[in-house]
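As provided, my_file.csv (CSV, C-alpha atoms) reads as follows.
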```csv
chain,number,residue,atom,x,y,z
A,1,MET,CA,28.5,-0.2,-7.0
A,2,SER,CA,25.3,-1.5,-8.4
A,3,GLY,CA,24.2,-4.8,-9.9
A,4,GLU,CA,21.0,-6.1,-11.5
A,5,ILE,CA,18.9,-8.8,-9.7
A,6,ALA,CA,16.8,-11.3,-11.6
A,7,PRO,CA,13.4,-9.6,-12.5
A,8,TYR,CA,10.2,-10.8,-10.9
A,9,ALA,CA,7.3,-11.1,-13.3
A,10,VAL,CA,3.7,-11.0,-12.0
A,11,GLU,CA,0.5,-11.3,-14.0
A,12,ALA,CA,-1.3,-8.4,-12.4
A,13,PHE,CA,-4.7,-8.9,-10.9
A,14,ASN,CA,-7.2,-6.2,-10.2
A,15,THR,CA,-8.5,-7.2,-6.8
A,16,ALA,CA,-10.8,-4.3,-6.5
A,17,LYS,CA,-13.2,-4.5,-9.4
A,18,GLN,CA,-16.2,-4.7,-7.1
A,19,SER,CA,-14.9,-2.1,-4.6
A,20,GLU,CA,-16.5,1.2,-3.7
A,21,ASN,CA,-13.6,2.9,-5.5
A,22,LYS,CA,-14.8,3.0,-9.0
A,23,MET,CA,-11.3,3.9,-10.4
A,24,HIS,CA,-10.9,0.1,-10.4
A,25,ASP,CA,-14.0,-0.3,-12.7
A,26,ASP,CA,-13.3,-0.4,-16.4
A,27,GLY,CA,-16.0,1.9,-17.5
A,28,VAL,CA,-15.4,4.6,-14.9
A,29,ALA,CA,-11.6,4.5,-15.3
A,30,ARG,CA,-12.0,5.0,-19.1
A,31,ARG,CA,-13.9,8.2,-18.4
A,32,PHE,CA,-10.8,9.5,-16.7
A,33,GLY,CA,-8.6,8.6,-19.7
A,34,PHE,CA,-7.3,5.2,-18.6
A,35,ALA,CA,-7.4,2.0,-20.6
A,36,GLY,CA,-9.4,0.2,-18.0
A,37,GLY,CA,-9.7,-0.3,-14.2
A,38,LEU,CA,-6.5,0.3,-12.3
A,39,VAL,CA,-4.8,-2.5,-10.3
A,40,PRO,CA,-4.7,-1.0,-6.8
A,41,GLY,CA,-1.4,0.7,-5.8
A,42,VAL,CA,-1.3,-1.4,-2.7
A,43,GLU,CA,-1.1,-4.5,-4.8
A,44,VAL,CA,1.6,-3.1,-7.0
A,45,LEU,CA,3.5,-2.3,-3.8
A,46,ALA,CA,3.0,-5.9,-2.7
A,47,TYR,CA,4.6,-7.0,-5.9
A,48,MET,CA,7.6,-4.7,-5.2
A,49,LEU,CA,8.0,-6.3,-1.8
A,50,HIS,CA,9.0,-9.7,-3.3
A,51,GLN,CA,12.6,-8.9,-4.1
A,52,PRO,CA,13.5,-7.2,-0.8
A,53,VAL,CA,12.2,-10.2,1.1
A,54,ALA,CA,14.0,-12.5,-1.3
A,55,ARG,CA,17.2,-10.5,-0.6
A,56,TRP,CA,17.0,-10.2,3.2
A,57,GLY,CA,14.4,-12.8,4.2
A,58,ARG,CA,12.7,-12.6,7.6
A,59,ALA,CA,15.0,-9.7,8.6
A,60,PHE,CA,13.2,-7.5,6.1
A,61,LEU,CA,9.8,-8.5,7.5
A,62,GLU,CA,11.0,-7.5,10.9
A,63,ARG,CA,12.6,-4.1,10.1
A,64,GLY,CA,12.7,-3.4,6.4
A,65,LEU,CA,12.0,0.0,4.8
A,66,ILE,CA,10.3,0.4,1.4
A,67,GLU,CA,9.3,3.5,-0.5
A,68,SER,CA,7.2,3.6,-3.6
A,69,ARG,CA,5.8,6.0,-6.1
A,70,PHE,CA,3.1,5.0,-8.6
A,71,ILE,CA,3.5,6.8,-12.0
A,72,LYS,CA,1.4,4.9,-14.6
A,73,PRO,CA,-1.4,2.4,-14.2
A,74,VAL,CA,-0.9,-1.4,-14.1
A,75,TYR,CA,-3.8,-3.2,-15.7
A,76,ASP,CA,-5.5,-6.5,-14.9
A,77,GLY,CA,-4.0,-9.4,-16.8
A,78,GLU,CA,-0.9,-7.6,-17.9
A,79,ILE,CA,2.6,-8.6,-16.9
A,80,ALA,CA,4.2,-6.4,-14.2
A,81,ASP,CA,7.9,-6.8,-14.5
A,82,VAL,CA,9.5,-5.8,-11.1
A,83,ARG,CA,13.1,-5.0,-11.5
A,84,ALA,CA,15.6,-4.5,-8.6
A,85,SER,CA,19.2,-3.4,-8.7
A,86,GLU,CA,21.7,-3.1,-5.8
A,87,GLU,CA,22.3,0.5,-5.0
A,88,GLY,CA,24.6,1.3,-2.1
A,89,GLU,CA,23.4,-0.8,0.8
A,90,GLY,CA,19.9,-1.1,-0.6
A,91,LEU,CA,17.8,-1.9,-3.6
A,92,SER,CA,16.4,0.4,-6.3
A,93,LEU,CA,13.1,-0.8,-7.5
A,94,LYS,CA,10.9,-0.2,-10.6
A,95,VAL,CA,7.9,-1.8,-12.2
A,96,ILE,CA,7.5,-2.0,-16.0
A,97,SER,CA,4.3,-3.0,-17.7
A,98,GLN,CA,3.3,-2.7,-21.3
A,99,GLY,CA,6.7,-1.1,-22.0
A,100,GLN,CA,6.0,1.8,-19.5
A,101,LEU,CA,7.6,2.7,-16.2
A,102,CYS,CA,4.7,2.3,-13.8
A,103,ALA,CA,6.3,2.6,-10.4
A,104,THR,CA,9.6,3.4,-8.8
A,105,GLY,CA,10.9,2.8,-5.3
A,106,SER,CA,13.7,1.7,-3.0
A,107,ALA,CA,14.2,-0.8,-0.2
A,108,THR,CA,16.8,-0.9,2.6
A,109,LEU,CA,17.4,-3.0,5.7
A,110,PRO,CA,18.1,-0.8,8.8
A,111,VAL,CA,20.4,-2.2,11.4
A,112,ALA,CA,17.5,-2.0,13.9
A,113,PRO,CA,13.9,-0.8,13.6
A,114,PRO,CA,13.4,2.8,14.8
A,115,ASP,CA,11.9,3.5,18.2
A,116,VAL,CA,8.2,4.2,17.9
A,117,THR,CA,6.0,5.3,20.8
A,118,LEU,CA,2.5,3.8,20.6
A,119,ALA,CA,1.0,6.6,22.7
A,120,ASP,CA,2.1,9.2,20.0
A,121,TYR,CA,-0.6,7.7,17.8
A,122,ARG,CA,-4.1,8.1,19.2
A,123,ASP,CA,-6.4,5.2,18.9
A,124,VAL,CA,-9.7,6.5,17.4
A,125,PRO,CA,-12.6,4.5,15.9
A,126,PRO,CA,-13.6,4.9,12.2
A,127,ALA,CA,-16.4,7.3,11.4
A,128,ALA,CA,-19.7,6.0,12.8
A,129,VAL,CA,-21.4,7.7,9.8
A,130,ARG,CA,-19.1,8.6,6.9
A,131,PRO,CA,-19.6,12.0,5.5
A,132,SER,CA,-19.6,12.6,1.7
A,133,ILE,CA,-16.4,14.0,0.2
A,134,GLY,CA,-16.3,17.7,0.4
A,135,ALA,CA,-14.2,20.8,1.1
A,136,ASP,CA,-13.7,19.9,4.7
A,137,SER,CA,-12.6,16.3,4.1
A,138,PHE,CA,-9.2,15.3,5.5
A,139,ALA,CA,-8.4,18.6,7.2
A,140,VAL,CA,-4.8,18.8,8.4
A,141,GLY,CA,-4.5,17.5,11.9
A,142,SER,CA,-7.5,15.2,11.6
A,143,LEU,CA,-7.2,11.9,13.4
A,144,LEU,CA,-8.3,8.7,11.6
A,145,GLY,CA,-9.0,5.2,12.6
A,146,THR,CA,-10.0,1.9,10.9
A,147,ALA,CA,-12.2,-1.1,11.6
A,148,PRO,CA,-10.1,-4.1,12.6
A,149,ARG,CA,-8.9,-6.4,9.8
A,150,ALA,CA,-7.5,-9.9,10.0
A,151,TRP,CA,-6.4,-12.5,7.5
A,152,PRO,CA,-6.5,-15.9,9.4
A,153,GLY,CA,-6.0,-19.2,7.8
A,154,GLN,CA,-7.5,-19.5,4.3
A,155,ALA,CA,-7.9,-15.7,4.1
A,156,ALA,CA,-4.1,-15.4,4.2
A,157,THR,CA,-3.7,-18.0,1.5
A,158,MET,CA,-6.2,-16.2,-0.7
A,159,TYR,CA,-4.4,-13.0,-0.2
A,160,LEU,CA,-1.1,-14.5,-1.4
A,161,ASP,CA,-2.9,-15.9,-4.4
A,162,GLU,CA,-4.4,-12.5,-5.2
A,163,ILE,CA,-0.9,-10.8,-5.2
A,164,ARG,CA,0.7,-13.8,-7.0
A,165,GLU,CA,3.2,-14.2,-4.2
A,166,ARG,CA,5.4,-17.3,-4.6
A,167,ASP,CA,7.9,-16.9,-1.7
A,168,PRO,CA,7.4,-19.9,0.7
A,169,ILE,CA,8.4,-17.9,3.8
A,170,TYR,CA,4.9,-16.8,4.6
A,171,ALA,CA,3.4,-20.3,4.7
A,172,SER,CA,6.5,-22.0,6.2
A,173,GLU,CA,6.8,-19.5,9.0
A,174,ARG,CA,3.1,-18.7,9.3
A,175,LEU,CA,3.6,-15.0,8.7
A,176,GLY,CA,1.4,-12.4,7.2
A,177,HIS,CA,2.6,-10.5,4.1
A,178,PRO,CA,3.3,-6.8,4.7
A,179,GLY,CA,1.2,-5.8,1.7
A,180,MET,CA,-1.7,-6.5,4.0
A,181,LEU,CA,-0.7,-3.4,6.0
A,182,GLN,CA,-1.1,-1.3,2.9
A,183,ARG,CA,-4.7,-2.5,2.5
A,184,VAL,CA,-5.3,-1.4,6.1
A,185,MET,CA,-3.7,2.0,5.3
A,186,ASN,CA,-6.3,2.5,2.5
A,187,ARG,CA,-9.0,1.9,5.0
A,188,LEU,CA,-7.9,5.2,6.7
A,189,LEU,CA,-9.5,6.9,3.8
A,190,VAL,CA,-12.5,4.7,3.0
A,191,ASP,CA,-13.6,4.0,6.5
A,192,ASN,CA,-13.9,7.7,7.2
A,193,VAL,CA,-15.3,9.4,4.1
A,194,VAL,CA,-17.5,8.4,1.2
A,195,LEU,CA,-15.1,8.9,-1.7
A,196,GLY,CA,-15.6,9.1,-5.4
A,197,PRO,CA,-13.0,7.6,-7.7
A,198,TRP,CA,-9.6,8.0,-6.1
A,199,ILE,CA,-5.9,7.0,-6.6
A,200,HIS,CA,-3.2,5.9,-4.3
A,201,VAL,CA,0.0,7.5,-5.6
A,202,GLY,CA,2.8,6.7,-3.1
A,203,SER,CA,3.8,5.1,0.2
A,204,ARG,CA,6.7,4.8,2.6
A,205,MET,CA,6.5,1.8,5.0
A,206,GLN,CA,9.0,1.2,7.8
A,207,LEU,CA,8.3,-2.3,9.1
A,208,LEU,CA,8.6,-2.8,12.9
A,209,SER,CA,7.6,-6.4,13.5
A,210,VAL,CA,6.6,-9.5,11.6
A,211,ILE,CA,2.8,-10.1,11.1
A,212,ALA,CA,1.5,-13.2,12.8
A,213,GLU,CA,-1.3,-15.0,11.0
A,214,THR,CA,-3.6,-14.4,14.1
A,215,ASP,CA,-3.1,-10.6,14.3
A,216,GLU,CA,-6.0,-8.3,14.2
A,217,ILE,CA,-4.8,-5.2,12.5
A,218,THR,CA,-5.8,-1.5,12.7
A,219,ALA,CA,-4.2,1.8,11.7
A,220,ARG,CA,-4.0,5.0,13.7
A,221,GLY,CA,-3.6,7.9,11.3
A,222,ARG,CA,-3.1,11.7,11.3
A,223,VAL,CA,-3.6,13.9,8.3
A,224,VAL,CA,-0.3,15.8,7.8
A,225,ALA,CA,-1.0,17.5,4.4
A,226,ASN,CA,-3.9,18.4,2.2
A,227,TYR,CA,-3.3,20.3,-1.0
A,228,GLU,CA,-4.3,20.9,-4.6
A,229,LYS,CA,-2.0,20.0,-7.5
A,230,LYS,CA,-3.0,20.2,-11.2
A,231,GLY,CA,-6.6,20.4,-10.2
A,232,HIS,CA,-6.5,17.2,-8.0
A,233,ARG,CA,-6.8,17.2,-4.2
A,234,PHE,CA,-4.1,15.2,-2.4
A,235,VAL,CA,-4.0,13.9,1.2
A,236,GLU,CA,-0.9,12.7,3.0
A,237,ILE,CA,-1.4,10.5,6.1
A,238,ASP,CA,1.1,9.6,8.8
A,239,ALA,CA,0.1,6.4,10.6
A,240,LEU,CA,1.1,3.6,12.8
A,241,VAL,CA,-0.3,0.1,11.9
A,242,VAL,CA,-0.9,-1.9,15.1
A,243,ALA,CA,-1.5,-5.5,15.9
A,244,ASP,CA,-4.0,-6.4,18.6
A,245,GLY,CA,-4.1,-2.9,19.9
A,246,ASP,CA,-0.6,-3.0,21.4
A,247,ARG,CA,2.1,-4.1,19.0
A,248,PRO,CA,3.3,-1.7,16.3
A,249,LEU,CA,3.7,-3.4,13.0
A,250,ALA,CA,4.7,-0.5,10.7
A,251,HIS,CA,5.1,3.3,10.5
A,252,CYS,CA,3.6,4.4,7.2
A,253,ARG,CA,3.2,7.5,5.1
A,254,HIS,CA,0.4,7.2,2.6
A,255,VAL,CA,-0.3,9.7,-0.3
A,256,ALA,CA,-3.5,9.7,-2.4
A,257,ILE,CA,-5.4,11.8,-4.8
A,258,TYR,CA,-8.7,11.7,-2.9
A,259,GLN,CA,-10.6,13.9,-5.3
A,260,LEU,CA,-9.8,14.1,-9.0
A,261,ARG,CA,-10.2,17.2,-11.0
A,262,ALA,CA,-13.5,17.7,-12.8
A,263,GLN,CA,-13.6,16.1,-16.3
A,264,ALA,CA,-14.2,18.3,-19.3
```

Let's see the structure in the file written out as structure tokens.
Amino acid sequence: MSGEIAPYAVEAFNTAKQSENKMHDDGVARRFGFAGGLVPGVEVLAYMLHQPVARWGRAFLERGLIESRFIKPVYDGEIADVRASEEGEGLSLKVISQGQLCATGSATLPVAPPDVTLADYRDVPPAAVRPSIGADSFAVGSLLGTAPRAWPGQAATMYLDEIRERDPIYASERLGHPGMLQRVMNRLLVDNVVLGPWIHVGSRMQLLSVIAETDEITARGRVVANYEKKGHRFVEIDALVVADGDRPLAHCRHVAIYQLRAQA
């Protein structure tokens, strides 16, 4: 049995126009055939998190599971219409913008978070000197780390503004938004290799604990796949996102095109 849930509309915001990833720059993105700079996939996933949190509240922030796949770009200033429908015991999710299906996904609320052993994910620092992208980048089995990130006080408020989040739970309970964890997952790529334009194409995130506003967050990653498809180079990273070095926040799988095929 399935039922529609009220859509959640967001005026998309490209938070990364000035980032090192020039796929978010209008001019560069157009050279790759896009209409303009892409709104980061991590922000689209943050939009998709609204309805699961509205459905299950704090319980989802403690142990929810969300999966997403990004199909078409969402552009700055356009409306991203996030639609959710009940499917089994979970939610089916999709994002529509400019009449196109831009992302699909699902969300569920496990009875309990899965057991995760911190020691199974080795804590390594980010690259002291990042190498340029090349044939040896992201070899399977490579271990990756990130510089610590935190969103205290006003930074957390600014983050909620950037993703257009309107749910009061984060301010009232002084919690971090789980979309922050996806930003940290991106750092596993950019803290370790100097990339050209690249695209985040999918994620799976099993939440393990709420994020406190005082948490300092890092990710401990391992490359589990590296392959070519249609001329693009893909990397898949299995990672644990950790607060203050000792509290697992989420177990994540991150998929990205880290090197796009050469342009004609």

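Minimum atom-to-atom distances from A:Ile211, A:Ala112, A:Leu240, A:Val184 to A:Arg63 were compared using all atoms listed in the file, and the lowest value belongs to A:Ala112.
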
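The smallest atom-to-atom distance between A:Trp151 and any of A:Glu87, A:Glu216, A:Asp191, A:Glu20, using only C-alpha atoms, is found for A:Glu216.
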
* Find the residues near stretch 9-17 of chain A: any atom within 6 Å, counting only C-alpha atoms, skip ones fewer than 6 places away on the same chain, and give them as a PyMOL selection string. => chain A and resi 24-25+39+76-81

Please tabulate, as a Markdown table, the residues of stretch 104-208 of chain A that come within 10 Å of stretch 82-86 of chain A, each with its closest pair of atoms and the distance in Å to one decimal, counting all atoms listed in the file and ordering rows by chain, then residue number upward.
```
| residue | atom | partner | partner_atom | distance |
| --- | --- | --- | --- | --- |
| A:Thr104 | CA | A:Val82 | CA | 9.5 |
| A:Gly105 | CA | A:Ala84 | CA | 9.3 |
| A:Ser106 | CA | A:Ala84 | CA | 8.6 |
| A:Ala107 | CA | A:Ala84 | CA | 9.3 |
| A:Thr108 | CA | A:Glu86 | CA | 10.0 |
```

* Selection near A:Val42, 8 Å with all atoms listed in the file, sequence-local residues under 4 positions removed, as a list in words -> Ala46, Gly179, Gln182, Arg183 and His200 of chain A

* Structure fact -> Across A:Gly33, A:Leu188, A:Gln98, A:Phe138, the smallest distance to A:Val124, with only C-alpha atoms counted, is shown by A:Leu188

* For A:Arg69: contacts at 9 Å, all atoms listed in the file, fewer than 4 positions along chain excluded, given as number ranges by chain -> A: 41, 45, 102-105, 201-204

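Atom to atom, atom CA of A:Ile133 and atom CA of A:Met185 stand 18.2 Å apart.
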
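Note that atom CA of A:Val190 and atom CA of A:Ile66 are 23.3 Å apart.
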